[in-house]
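Chemist: This is work.txt, which holds compact mmCIF, C-alpha atoms:
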```
# COMPACT_ATOMS: atom_id res chain seq x y z
CA MET A 1 9.95 -15.79 59.98
CA ARG A 2 12.05 -13.61 57.73
CA PRO A 3 15.85 -13.90 57.43
CA ASP A 4 18.06 -11.12 58.61
CA PRO A 5 19.03 -8.97 55.58
CA ASP A 6 22.46 -8.30 57.12
CA LEU A 7 23.88 -11.79 56.68
CA PRO A 8 27.66 -12.18 56.81
CA PRO A 9 29.41 -13.09 53.55
CA GLN A 10 30.27 -16.59 54.81
CA ARG A 11 26.62 -17.46 55.32
CA VAL A 12 25.67 -16.02 51.90
CA ARG A 13 28.28 -18.24 50.20
CA ALA A 14 27.09 -21.23 52.17
CA ALA A 15 23.47 -20.51 51.20
CA LEU A 16 24.39 -20.35 47.53
CA ALA A 17 26.42 -23.57 47.72
CA GLU A 18 23.90 -25.64 49.70
CA PRO A 19 20.46 -23.97 49.75
CA SER A 20 18.72 -26.95 51.44
CA LYS A 21 20.98 -26.85 54.51
CA PHE A 22 20.63 -23.08 54.70
CA LEU A 23 16.82 -23.33 54.72
CA THR A 24 16.95 -26.08 57.32
CA SER A 25 19.12 -24.00 59.64
CA LEU A 26 17.02 -20.92 59.06
CA LEU A 27 13.45 -22.30 59.22
CA GLY A 28 13.86 -25.58 61.03
CA PRO A 29 13.55 -29.17 59.78
CA THR A 30 9.74 -29.23 60.03
CA GLN A 31 9.09 -26.24 57.76
CA VAL A 32 11.36 -27.19 54.85
CA PRO A 33 9.11 -29.97 53.37
CA ILE A 34 6.09 -27.64 53.50
CA LEU A 35 8.00 -24.86 51.77
CA ALA A 36 9.43 -27.28 49.17
CA SER A 37 5.97 -28.65 48.31
CA SER A 38 4.43 -25.20 47.88
CA CYS A 39 7.36 -23.51 46.13
CA PRO A 40 9.97 -26.00 44.85
CA VAL A 41 13.54 -24.78 44.63
CA SER A 42 15.30 -25.36 41.34
CA THR A 43 18.54 -27.30 41.77
CA GLY A 44 19.54 -27.41 38.12
CA ALA A 45 17.95 -30.83 37.48
CA PRO A 46 15.50 -31.22 34.60
CA SER A 47 11.97 -30.31 35.59
CA SER A 48 9.13 -32.78 35.14
CA LEU A 49 6.67 -29.99 34.26
CA PRO A 50 5.68 -29.82 30.55
CA LEU A 51 7.33 -27.01 28.62
CA VAL A 52 5.31 -24.63 26.44
CA PRO A 53 6.56 -25.06 22.86
CA ARG A 54 7.91 -21.95 21.23
CA MET A 55 7.29 -21.18 17.58
CA ARG A 56 10.44 -21.76 15.55
CA THR A 57 10.43 -20.41 11.99
CA ASN A 58 12.86 -21.23 9.23
CA ARG A 59 15.02 -18.13 8.87
CA LEU A 60 15.10 -18.25 5.07
CA LEU A 61 11.32 -18.47 4.77
CA LYS A 62 10.88 -15.93 7.55
CA TYR A 63 13.01 -13.22 5.99
CA THR A 64 11.82 -14.02 2.46
CA LEU A 65 8.24 -13.55 3.62
CA PHE A 66 9.16 -10.39 5.48
CA ALA A 67 11.03 -8.94 2.46
CA SER A 68 8.16 -9.66 0.06
CA CYS A 69 5.56 -8.25 2.47
CA TYR A 70 7.73 -5.20 3.12
CA LEU A 71 8.10 -4.57 -0.62
CA PHE A 72 4.34 -4.74 -1.18
CA TRP A 73 3.78 -2.68 1.97
CA VAL A 74 5.96 0.17 0.72
CA THR A 75 4.43 -0.03 -2.76
CA SER A 76 0.90 0.10 -1.36
CA GLY A 77 1.89 3.07 0.80
CA LEU A 78 3.04 4.88 -2.34
CA MET A 79 -0.25 3.94 -4.03
CA VAL A 80 -2.22 5.44 -1.16
CA ALA A 81 -0.10 8.61 -1.25
CA VAL A 82 -0.50 9.03 -5.02
CA GLY A 83 -4.22 8.32 -4.83
CA ALA A 84 -4.71 10.80 -2.00
CA TYR A 85 -2.72 13.46 -3.84
CA ALA A 86 -4.67 12.88 -7.06
CA ARG A 87 -7.99 13.01 -5.24
CA LEU A 88 -7.16 16.20 -3.36
CA SER A 89 -5.68 17.98 -6.36
CA ARG A 90 -8.47 17.25 -8.84
CA GLU A 91 -11.29 19.67 -9.43
CA THR A 92 -14.15 19.14 -7.02
CA GLY A 93 -17.26 17.70 -8.62
CA ALA A 94 -15.64 17.12 -12.00
CA VAL A 95 -16.41 13.40 -12.02
CA GLU A 96 -18.65 11.49 -9.64
CA THR A 97 -18.27 7.89 -10.82
CA LEU A 98 -15.72 5.38 -9.59
CA LEU A 99 -14.91 4.37 -13.16
CA ALA A 100 -13.92 7.90 -14.08
CA GLU A 101 -12.01 8.45 -10.86
CA PRO A 102 -8.97 6.16 -10.73
CA SER A 103 -7.74 7.87 -7.56
CA SER A 104 -10.55 6.27 -5.53
CA LEU A 105 -9.69 2.84 -6.92
CA LEU A 106 -6.03 3.49 -6.16
CA LEU A 107 -6.87 4.46 -2.58
CA ALA A 108 -9.05 1.38 -2.07
CA VAL A 109 -6.56 -1.13 -3.47
CA GLY A 110 -3.59 0.58 -1.82
CA GLY A 111 -5.30 0.75 1.57
CA LEU A 112 -6.31 -2.92 1.49
CA THR A 113 -2.84 -4.04 0.40
CA PHE A 114 -1.21 -1.80 3.02
CA GLY A 115 -3.23 -3.32 5.86
CA VAL A 116 -2.78 -6.94 4.76
CA THR A 117 0.96 -6.67 4.15
CA PHE A 118 1.47 -4.84 7.46
CA VAL A 119 -0.06 -7.82 9.25
CA GLY A 120 2.27 -10.13 7.32
CA CYS A 121 5.34 -8.01 8.04
CA LEU A 122 4.67 -7.82 11.77
CA GLY A 123 3.77 -11.49 12.05
CA ALA A 124 6.88 -12.64 10.17
CA LEU A 125 9.24 -10.31 12.02
CA ARG A 126 7.97 -11.05 15.54
CA ASP A 127 6.98 -14.72 14.99
CA LEU A 128 3.42 -14.04 16.14
CA PRO A 129 1.25 -17.05 15.25
CA ILE A 130 -2.06 -15.18 15.47
CA LEU A 131 -0.97 -12.55 12.93
CA LEU A 132 0.53 -15.15 10.60
CA LYS A 133 -2.66 -17.19 10.74
CA ALA A 134 -4.76 -14.09 10.05
CA PHE A 135 -2.45 -13.15 7.19
CA THR A 136 -2.71 -16.64 5.68
CA TRP A 137 -6.49 -16.75 5.93
CA ILE A 138 -6.82 -13.31 4.34
CA LEU A 139 -4.58 -14.38 1.46
CA LEU A 140 -6.50 -17.62 1.09
CA LEU A 141 -9.77 -15.67 0.96
CA ILE A 142 -8.38 -13.31 -1.69
CA PHE A 143 -7.10 -16.27 -3.69
CA ILE A 144 -10.50 -18.00 -3.52
CA LEU A 145 -12.22 -14.79 -4.67
CA GLN A 146 -9.80 -14.56 -7.59
CA VAL A 147 -10.52 -18.16 -8.59
CA VAL A 148 -14.27 -17.60 -8.32
CA ALA A 149 -14.00 -14.42 -10.40
CA ALA A 150 -11.97 -16.26 -13.05
CA VAL A 151 -14.50 -19.11 -13.21
CA LEU A 152 -17.44 -16.72 -13.43
CA GLY A 153 -15.62 -14.72 -16.07
CA PHE A 154 -15.09 -17.89 -18.09
CA LEU A 155 -18.69 -19.08 -17.71
CA PHE A 156 -20.20 -15.67 -18.48
CA ALA A 157 -17.56 -14.48 -20.95
CA GLY A 158 -20.11 -12.84 -23.25
CA MET A 159 -21.74 -10.87 -20.44
CA VAL A 160 -18.35 -9.82 -19.06
CA ARG A 161 -17.22 -8.67 -22.50
CA GLU A 162 -20.37 -6.61 -23.00
CA LYS A 163 -20.02 -5.02 -19.57
CA ALA A 164 -16.34 -4.24 -20.17
CA ALA A 165 -17.17 -2.71 -23.56
CA PHE A 166 -19.88 -0.56 -21.95
CA LEU A 167 -17.56 0.68 -19.20
CA MET A 168 -14.76 1.43 -21.66
CA GLY A 169 -17.24 3.34 -23.82
CA GLN A 170 -18.28 5.39 -20.80
CA ALA A 171 -14.63 6.12 -20.06
CA ILE A 172 -14.07 7.33 -23.64
CA ALA A 173 -17.13 9.57 -23.41
CA ARG A 174 -15.68 11.20 -20.26
CA TYR A 175 -12.11 11.41 -21.51
CA ARG A 176 -11.88 15.19 -21.08
CA ASP A 177 -13.73 15.31 -17.76
CA SER A 178 -10.84 14.15 -15.57
CA LEU A 179 -7.08 14.39 -15.96
CA ASP A 180 -6.67 11.11 -14.05
CA LEU A 181 -8.98 9.27 -16.43
CA GLN A 182 -7.29 10.88 -19.42
CA ASN A 183 -3.86 9.72 -18.26
CA LEU A 184 -5.19 6.22 -17.58
CA ILE A 185 -6.69 5.85 -21.07
CA ASP A 186 -3.55 7.23 -22.69
CA PHE A 187 -1.43 4.75 -20.75
CA ILE A 188 -3.63 1.80 -21.80
CA GLN A 189 -3.63 2.81 -25.46
CA LYS A 190 0.15 3.23 -25.50
CA LYS A 191 0.79 0.05 -23.53
CA PHE A 192 -1.41 -2.20 -25.67
CA GLU A 193 -0.95 -0.24 -28.92
CA CYS A 194 -4.69 0.14 -29.46
CA CYS A 195 -7.27 2.84 -29.99
CA GLY A 196 -10.84 2.97 -28.78
CA VAL A 197 -12.94 0.02 -27.61
CA HIS A 198 -13.44 -1.93 -30.84
CA SER A 199 -11.71 0.44 -33.27
CA TYR A 200 -10.40 3.98 -33.59
CA LEU A 201 -13.88 5.12 -34.75
CA ASP A 202 -15.21 4.65 -31.19
CA TRP A 203 -13.76 8.06 -30.31
CA SER A 204 -16.83 9.62 -31.94
CA GLN A 205 -18.60 8.75 -28.66
CA ASN A 206 -16.71 11.66 -27.10
CA ALA A 207 -18.21 15.11 -27.64
CA TYR A 208 -14.83 16.67 -28.45
CA PHE A 209 -13.82 13.99 -30.99
CA HIS A 210 -17.30 13.41 -32.43
CA CYS A 211 -17.00 13.29 -36.19
CA GLN A 212 -19.91 15.44 -37.31
CA GLU A 213 -19.96 18.41 -39.60
CA GLY A 214 -21.56 20.76 -37.10
CA ASN A 215 -19.13 19.94 -34.26
CA PRO A 216 -17.31 23.20 -33.35
CA SER A 217 -14.47 21.40 -31.56
CA LEU A 218 -11.01 21.61 -33.10
CA GLU A 219 -10.58 17.93 -32.28
CA SER A 220 -13.58 16.89 -34.38
CA CYS A 221 -12.90 13.63 -36.31
CA ALA A 222 -9.59 13.23 -34.41
CA VAL A 223 -8.25 10.68 -31.94
CA PRO A 224 -5.99 11.28 -28.92
CA PHE A 225 -2.25 11.41 -29.48
CA SER A 226 -1.88 8.14 -27.54
CA CYS A 227 -3.43 6.37 -30.54
CA CYS A 228 -0.68 7.56 -32.87
CA LEU A 229 2.11 5.33 -34.09
CA PRO A 230 5.48 6.20 -32.56
CA GLY A 231 7.38 8.61 -34.77
CA LYS A 232 10.97 9.67 -35.08
CA GLU A 233 10.32 13.26 -34.07
CA ALA A 234 12.09 14.55 -30.98
CA LEU A 235 9.03 16.53 -29.88
CA LEU A 236 5.65 14.96 -29.15
CA ASN A 237 3.07 15.83 -31.78
CA THR A 238 -0.26 16.02 -29.96
CA MET A 239 -2.10 16.75 -33.21
CA CYS A 240 -0.98 13.56 -34.98
CA GLY A 241 -4.46 12.05 -34.77
CA TYR A 242 -6.36 14.95 -36.31
CA GLY A 243 -8.71 13.98 -39.15
CA THR A 244 -8.01 10.24 -38.89
CA GLN A 245 -11.68 9.30 -38.36
CA ASN A 246 -12.39 10.55 -41.89
CA LEU A 247 -9.88 8.04 -43.28
CA PRO A 248 -10.62 4.38 -44.07
CA ALA A 249 -8.84 1.80 -41.95
CA TRP A 250 -6.23 0.95 -44.60
CA GLN A 251 -5.14 4.60 -44.72
CA ALA A 252 -5.55 5.38 -41.02
CA GLU A 253 -3.37 2.43 -39.96
CA SER A 254 -0.30 4.25 -41.32
CA ARG A 255 -0.86 7.01 -38.74
CA VAL A 256 -2.71 5.53 -35.75
CA TYR A 257 -3.53 2.20 -34.15
CA THR A 258 -6.82 1.01 -35.63
CA GLU A 259 -7.48 -2.08 -33.47
CA GLY A 260 -9.59 -1.66 -30.35
CA CYS A 261 -8.26 -2.07 -26.80
CA LEU A 262 -10.89 -4.60 -25.71
CA GLU A 263 -9.51 -7.41 -27.88
CA LYS A 264 -5.92 -6.47 -27.14
CA ILE A 265 -6.53 -6.64 -23.37
CA ARG A 266 -8.43 -9.93 -23.72
CA HIS A 267 -5.57 -11.50 -25.70
CA TRP A 268 -3.04 -10.23 -23.14
CA ALA A 269 -5.05 -11.64 -20.22
CA ARG A 270 -5.40 -15.02 -21.94
CA ALA A 271 -1.68 -15.17 -22.80
CA ASN A 272 -0.64 -14.30 -19.22
CA LEU A 273 -3.36 -16.22 -17.37
CA PHE A 274 -1.16 -19.16 -16.36
CA LEU A 275 1.71 -16.85 -15.40
CA VAL A 276 -0.47 -14.74 -13.11
CA ALA A 277 -2.09 -17.84 -11.58
CA GLY A 278 1.32 -19.45 -11.04
CA LEU A 279 2.70 -16.37 -9.31
CA ALA A 280 -0.36 -16.16 -7.08
CA CYS A 281 -0.10 -19.85 -6.11
CA GLY A 282 3.64 -19.55 -5.50
CA LEU A 283 3.19 -16.54 -3.24
CA LEU A 284 0.43 -18.31 -1.30
CA VAL A 285 2.54 -21.45 -0.81
CA LEU A 286 5.51 -19.32 0.29
CA GLU A 287 3.42 -17.47 2.84
CA VAL A 288 1.76 -20.62 4.18
CA GLY A 289 5.15 -22.33 4.40
CA GLY A 290 6.62 -19.34 6.24
CA LYS A 291 3.86 -19.63 8.80
CA GLY A 292 4.06 -23.34 9.37
CA SER A 293 7.82 -23.89 9.35
```
Write the structure described by the file as structure tokens, please.
Modeler:
Amino acid sequence: MRPDPDLPPQRVRAALAEPSKFLTSLLGPTQVPILASSCPVSTGAPSSLPLVPRMRTNRLLKYTLFASCYLFWVTSGLMVAVGAYARLSRETGAVETLLAEPSSLLLAVGGLTFGVTFVGCLGALRDLPILLKAFTWILLLIFILQVVAAVLGFLFAGMVREKAAFLMGQAIARYRDSLDLQNLIDFIQKKFECCGVHSYLDWSQNAYFHCQEGNPSLESCAVPFSCCLPGKEALLNTMCGYGTQNLPAWQAESRVYTEGCLEKIRHWARANLFLVAGLACGLLVLEVGGKGS
């Protein structure tokens, strides 16, 4: 039996005030218990049914996590854009190795960071437990891989040093093959104030800088300008390293950096090891706390 939709206003007000009496008058006294057992009417009293707990996140941790993820997300997006631009604008077939093509490494790291931080951003903003758990496990996996790599690097320090020296030597030999690689090596040599792998004489591994009498290159026995000591000239002198490979170290050190980049990078990594590990642990704790709060 269905109620008449055209009920007078008095009956509507009575139904809202006392719904049990309205149902009794409408359906009869025998049908009300059946209806109440199959579809109970809420009367404002507390329900005995268990409530599904909602995830409540501390606002400070939530927005701190979101802000940090958003910052890394935007940065990784810029990395992907720069890597894509560098890859598309370089000469096709100039370099085929990953070492000599920083744009591929930039795309890989940027793409991975973009995906992981997007998951963290969405999970923190929408309070989605499944995304926050996935984000935490991914970060934990990355952290474990970093720890394993650090341990292996410590246990096999000699092998790692030899491999790094070999790869840096290959990069020097291909210095003129790719503008991306050239800019990367120049940045490293300026940043760490170094030249070559072990010394400035390593630049003879490059065909253009090879110090041999029959070398027709104008850059023979030279080093790149990024090896030069900073001068007071307003204009950049790209020929400041010419002829320095013919000089002994005590004379060359007045013009260029004579120490190799391998030792400089190793000293920098050792000096900043605890700082990098502390930042990684702090970020992991912050992200795990943002999920569980």
Chemist: Between atom CA of Trp203 of chain A and atom CA of Leu262 of chain A, what is the spacing in Å?
Modeler: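 The value is 13.8 Å.
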Chemist: As a list in words, please: the residues near Gln212 of chain A (cut-off 10 Å, only C-alpha atoms, same-chain neighbours under 6 positions excluded).
Modeler: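 My list of contacting residues is Ser204, Ser220 and Cys221 of chain A.
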Chemist: For a quick check of your reading of the model, name the residues lying within 12 Å of the coordinate (-1.7, 2.8, -1.0), counting all atoms listed in the file, and write them as an mmCIF file with C-alpha atoms, in the coordinates of the input.
Modeler:
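result_36.cif written:
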```cif
data_model
loop_
_atom_site.group_PDB
_atom_site.id
_atom_site.type_symbol
_atom_site.label_atom_id
_atom_site.label_comp_id
_atom_site.auth_asym_id
_atom_site.auth_seq_id
_atom_site.Cartn_x
_atom_site.Cartn_y
_atom_site.Cartn_z
ATOM 1 C CA PHE A 72 4.340 -4.740 -1.180
ATOM 2 C CA TRP A 73 3.780 -2.680 1.970
ATOM 3 C CA VAL A 74 5.960 0.170 0.720
ATOM 4 C CA THR A 75 4.430 -0.030 -2.760
ATOM 5 C CA SER A 76 0.900 0.100 -1.360
ATOM 6 C CA GLY A 77 1.890 3.070 0.800
ATOM 7 C CA LEU A 78 3.040 4.880 -2.340
ATOM 8 C CA MET A 79 -0.250 3.940 -4.030
ATOM 9 C CA VAL A 80 -2.220 5.440 -1.160
ATOM 10 C CA ALA A 81 -0.100 8.610 -1.250
ATOM 11 C CA VAL A 82 -0.500 9.030 -5.020
ATOM 12 C CA GLY A 83 -4.220 8.320 -4.830
ATOM 13 C CA ALA A 84 -4.710 10.800 -2.000
ATOM 14 C CA TYR A 85 -2.720 13.460 -3.840
ATOM 15 C CA SER A 103 -7.740 7.870 -7.560
ATOM 16 C CA SER A 104 -10.550 6.270 -5.530
ATOM 17 C CA LEU A 105 -9.690 2.840 -6.920
ATOM 18 C CA LEU A 106 -6.030 3.490 -6.160
ATOM 19 C CA LEU A 107 -6.870 4.460 -2.580
ATOM 20 C CA ALA A 108 -9.050 1.380 -2.070
ATOM 21 C CA VAL A 109 -6.560 -1.130 -3.470
ATOM 22 C CA GLY A 110 -3.590 0.580 -1.820
ATOM 23 C CA GLY A 111 -5.300 0.750 1.570
ATOM 24 C CA LEU A 112 -6.310 -2.920 1.490
ATOM 25 C CA THR A 113 -2.840 -4.040 0.400
ATOM 26 C CA PHE A 114 -1.210 -1.800 3.020
ATOM 27 C CA GLY A 115 -3.230 -3.320 5.860
ATOM 28 C CA VAL A 116 -2.780 -6.940 4.760
ATOM 29 C CA THR A 117 0.960 -6.670 4.150
ATOM 30 C CA PHE A 118 1.470 -4.840 7.460
#
```
Chemist: Hey, could you make a per-residue contact list for segment 208-279 of chain A against segment 159-181 of chain A with 10 Å as the cut-off, showing the nearest pair of atoms and its distance in Å to one decimal, counting all atoms listed in the file, sorted by chain and number, as a tab-separated table?
Modeler:
```
residue	atom	partner	partner_atom	distance
A:Tyr208	CA	A:Arg176	CA	8.1
A:Phe209	CA	A:Ala173	CA	9.4
A:His210	CA	A:Ala173	CA	9.8
A:Pro224	CA	A:Tyr175	CA	9.6
A:Cys261	CA	A:Met168	CA	9.0
A:Leu262	CA	A:Ala165	CA	6.9
A:Glu263	CA	A:Arg161	CA	9.5
A:Arg266	CA	A:Arg161	CA	9.0
```
Chemist: Give me, please, the distance in Å between atom CA of Asn206 of chain A and atom CA of Leu88 of chain A, quoted to one decimal.
Modeler: 26.0 Å
Chemist: Would you mind reading off the distance between atom CA of Ile185 of chain A and atom CA of Val223 of chain A, one decimal, in Å?
Modeler: 12.0 Å
Chemist: Taking the point (2.5, 1.7, -35.6) as given in the file, collect each protein or nucleic acid residue that comes within 12 Å of it, counting only C-alpha atoms, and present the set as a compact mmCIF listing (two decimals) with C-alpha atoms, keeping the file's coordinate frame.
Modeler:
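Everything below was put into result_7.txt:
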```txt
# COMPACT_ATOMS: atom_id res chain seq x y z
CA GLN A 189 -3.63 2.81 -25.46
CA LYS A 190 0.15 3.23 -25.50
CA PHE A 192 -1.41 -2.20 -25.67
CA GLU A 193 -0.95 -0.24 -28.92
CA CYS A 194 -4.69 0.14 -29.46
CA CYS A 195 -7.27 2.84 -29.99
CA SER A 226 -1.88 8.14 -27.54
CA CYS A 227 -3.43 6.37 -30.54
CA CYS A 228 -0.68 7.56 -32.87
CA LEU A 229 2.11 5.33 -34.09
CA PRO A 230 5.48 6.20 -32.56
CA GLY A 231 7.38 8.61 -34.77
CA LYS A 232 10.97 9.67 -35.08
CA ALA A 252 -5.55 5.38 -41.02
CA GLU A 253 -3.37 2.43 -39.96
CA SER A 254 -0.30 4.25 -41.32
CA ARG A 255 -0.86 7.01 -38.74
CA VAL A 256 -2.71 5.53 -35.75
CA TYR A 257 -3.53 2.20 -34.15
CA THR A 258 -6.82 1.01 -35.63
CA GLU A 259 -7.48 -2.08 -33.47
```
Chemist: In terms of the shortest atom-to-atom distance over only C-alpha atoms, which of A:Cys240, A:Leu184, A:Leu152, A:Leu65 is closest to Val119 of chain A?
Modeler: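 Under the stated criterion, the closest residue is A:Leu65.
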Chemist: Taking 6 positions as the minimum chain separation for residues in the same chain, which residues sit within 7 Å of Ala124 of chain A when counting only C-alpha atoms? Answer as a short mmCIF file (atom, residue, chain, number, x, y, z; two decimals) with C-alpha atoms, keeping the file's coordinate frame.
Modeler:
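Output (part.cif):
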```
data_model
loop_
_atom_site.label_atom_id
_atom_site.label_comp_id
_atom_site.auth_asym_id
_atom_site.auth_seq_id
_atom_site.Cartn_x
_atom_site.Cartn_y
_atom_site.Cartn_z
CA LYS A 62 10.88 -15.93 7.55
CA LEU A 65 8.24 -13.55 3.62
CA PHE A 66 9.16 -10.39 5.48
CA LEU A 132 0.53 -15.15 10.60
#
```
Chemist: Restricting the calculation to only C-alpha atoms: of A:Ile142, A:Leu71, A:Ala86, A:Ala222, which residue gets closest to Asn183 of chain A?
Modeler: A:Ala86
Chemist: Measuring between all atoms listed in the file, which one of A:Lys191, A:Leu218, A:Cys69, A:Leu122 shows the shortest distance to Leu139 of chain A?
Modeler: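 Among the listed residues, the smallest separation from Leu139 of chain A belongs to A:Cys69.
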Chemist: When distances are computed from all atoms listed in the file, which of A:Glu213, A:Asp127, A:Asp186, A:Glu219 shows the smallest separation from Thr244 of chain A?
Modeler: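 Going through A:Glu213, A:Asp127, A:Asp186, A:Glu219 one by one, the smallest distance to Thr244 of chain A is for A:Glu219.
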Chemist: Compare A:Gly260, A:Gly214, A:Gly241, A:Pro248 by their minimum atom-to-atom distance to His198 of chain A, counting all atoms listed in the file, and give me the closest one.
Modeler: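 Comparing A:Gly260, A:Gly214, A:Gly241, A:Pro248 against His198 of chain A, the winner is A:Gly260.
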Chemist: From the block you just saw, export segment 152-159 of chain A: all heavy atoms, as a PDB file, in the first residue's frame.
Modeler:
```pdb
ATOM      1  N   LEU A 152      77.516  -1.904   0.030  1.00  0.00           N
ATOM      2  CA  LEU A 152      78.311  -2.539  -1.024  1.00  0.00           C
ATOM      3  C   LEU A 152      79.450  -1.635  -1.482  1.00  0.00           C
ATOM      4  O   LEU A 152      80.557  -2.106  -1.760  1.00  0.00           O
ATOM      5  CB  LEU A 152      77.411  -2.900  -2.207  1.00  0.00           C
ATOM      6  CG  LEU A 152      76.374  -4.006  -1.963  1.00  0.00           C
ATOM      7  CD1 LEU A 152      75.527  -4.225  -3.203  1.00  0.00           C
ATOM      8  CD2 LEU A 152      77.065  -5.306  -1.547  1.00  0.00           C
ATOM      9  N   GLY A 153      79.163  -0.330  -1.552  1.00  0.00           N
ATOM     10  CA  GLY A 153      80.219   0.604  -1.926  1.00  0.00           C
ATOM     11  C   GLY A 153      81.335   0.653  -0.905  1.00  0.00           C
ATOM     12  O   GLY A 153      82.507   0.819  -1.250  1.00  0.00           O
ATOM     13  N   PHE A 154      80.977   0.474   0.376  1.00  0.00           N
ATOM     14  CA  PHE A 154      82.001   0.462   1.426  1.00  0.00           C
ATOM     15  C   PHE A 154      82.804  -0.839   1.389  1.00  0.00           C
ATOM     16  O   PHE A 154      84.028  -0.831   1.575  1.00  0.00           O
ATOM     17  CB  PHE A 154      81.337   0.644   2.784  1.00  0.00           C
ATOM     18  CG  PHE A 154      82.289   0.595   3.929  1.00  0.00           C
ATOM     19  CD1 PHE A 154      83.100   1.679   4.235  1.00  0.00           C
ATOM     20  CD2 PHE A 154      82.389  -0.560   4.718  1.00  0.00           C
ATOM     21  CE1 PHE A 154      83.991   1.627   5.298  1.00  0.00           C
ATOM     22  CE2 PHE A 154      83.278  -0.613   5.780  1.00  0.00           C
ATOM     23  CZ  PHE A 154      84.076   0.481   6.073  1.00  0.00           C
ATOM     24  N   LEU A 155      82.111  -1.971   1.174  1.00  0.00           N
ATOM     25  CA  LEU A 155      82.796  -3.258   1.165  1.00  0.00           C
ATOM     26  C   LEU A 155      83.672  -3.439  -0.062  1.00  0.00           C
ATOM     27  O   LEU A 155      84.736  -4.061   0.012  1.00  0.00           O
ATOM     28  CB  LEU A 155      81.764  -4.394   1.252  1.00  0.00           C
ATOM     29  CG  LEU A 155      80.949  -4.472   2.550  1.00  0.00           C
ATOM     30  CD1 LEU A 155      79.931  -5.590   2.473  1.00  0.00           C
ATOM     31  CD2 LEU A 155      81.862  -4.667   3.756  1.00  0.00           C
ATOM     32  N   PHE A 156      83.207  -2.909  -1.201  1.00  0.00           N
ATOM     33  CA  PHE A 156      83.965  -3.055  -2.447  1.00  0.00           C
ATOM     34  C   PHE A 156      84.434  -1.685  -2.925  1.00  0.00           C
ATOM     35  O   PHE A 156      84.221  -1.298  -4.081  1.00  0.00           O
ATOM     36  CB  PHE A 156      83.088  -3.723  -3.513  1.00  0.00           C
ATOM     37  CG  PHE A 156      82.557  -5.069  -3.099  1.00  0.00           C
ATOM     38  CD1 PHE A 156      81.277  -5.197  -2.587  1.00  0.00           C
ATOM     39  CD2 PHE A 156      83.336  -6.210  -3.214  1.00  0.00           C
ATOM     40  CE1 PHE A 156      80.775  -6.433  -2.204  1.00  0.00           C
ATOM     41  CE2 PHE A 156      82.847  -7.443  -2.842  1.00  0.00           C
ATOM     42  CZ  PHE A 156      81.569  -7.562  -2.331  1.00  0.00           C
ATOM     43  N   ALA A 157      85.048  -0.937  -2.007  1.00  0.00           N
ATOM     44  CA  ALA A 157      85.462   0.440  -2.313  1.00  0.00           C
ATOM     45  C   ALA A 157      86.477   0.472  -3.448  1.00  0.00           C
ATOM     46  O   ALA A 157      86.421   1.338  -4.330  1.00  0.00           O
ATOM     47  CB  ALA A 157      86.037   1.096  -1.064  1.00  0.00           C
ATOM     48  N   GLY A 158      87.413  -0.472  -3.451  1.00  0.00           N
ATOM     49  CA  GLY A 158      88.423  -0.489  -4.504  1.00  0.00           C
ATOM     50  C   GLY A 158      87.819  -0.729  -5.874  1.00  0.00           C
ATOM     51  O   GLY A 158      88.159  -0.044  -6.848  1.00  0.00           O
ATOM     52  N   MET A 159      86.901  -1.699  -5.954  1.00  0.00           N
ATOM     53  CA  MET A 159      86.251  -1.995  -7.232  1.00  0.00           C
ATOM     54  C   MET A 159      85.403  -0.818  -7.708  1.00  0.00           C
ATOM     55  O   MET A 159      85.395  -0.479  -8.903  1.00  0.00           O
ATOM     56  CB  MET A 159      85.387  -3.246  -7.087  1.00  0.00           C
ATOM     57  CG  MET A 159      84.739  -3.731  -8.375  1.00  0.00           C
ATOM     58  SD  MET A 159      83.639  -5.144  -8.063  1.00  0.00           S
ATOM     59  CE  MET A 159      84.806  -6.305  -7.320  1.00  0.00           C
TER      60      MET A 159
END
```
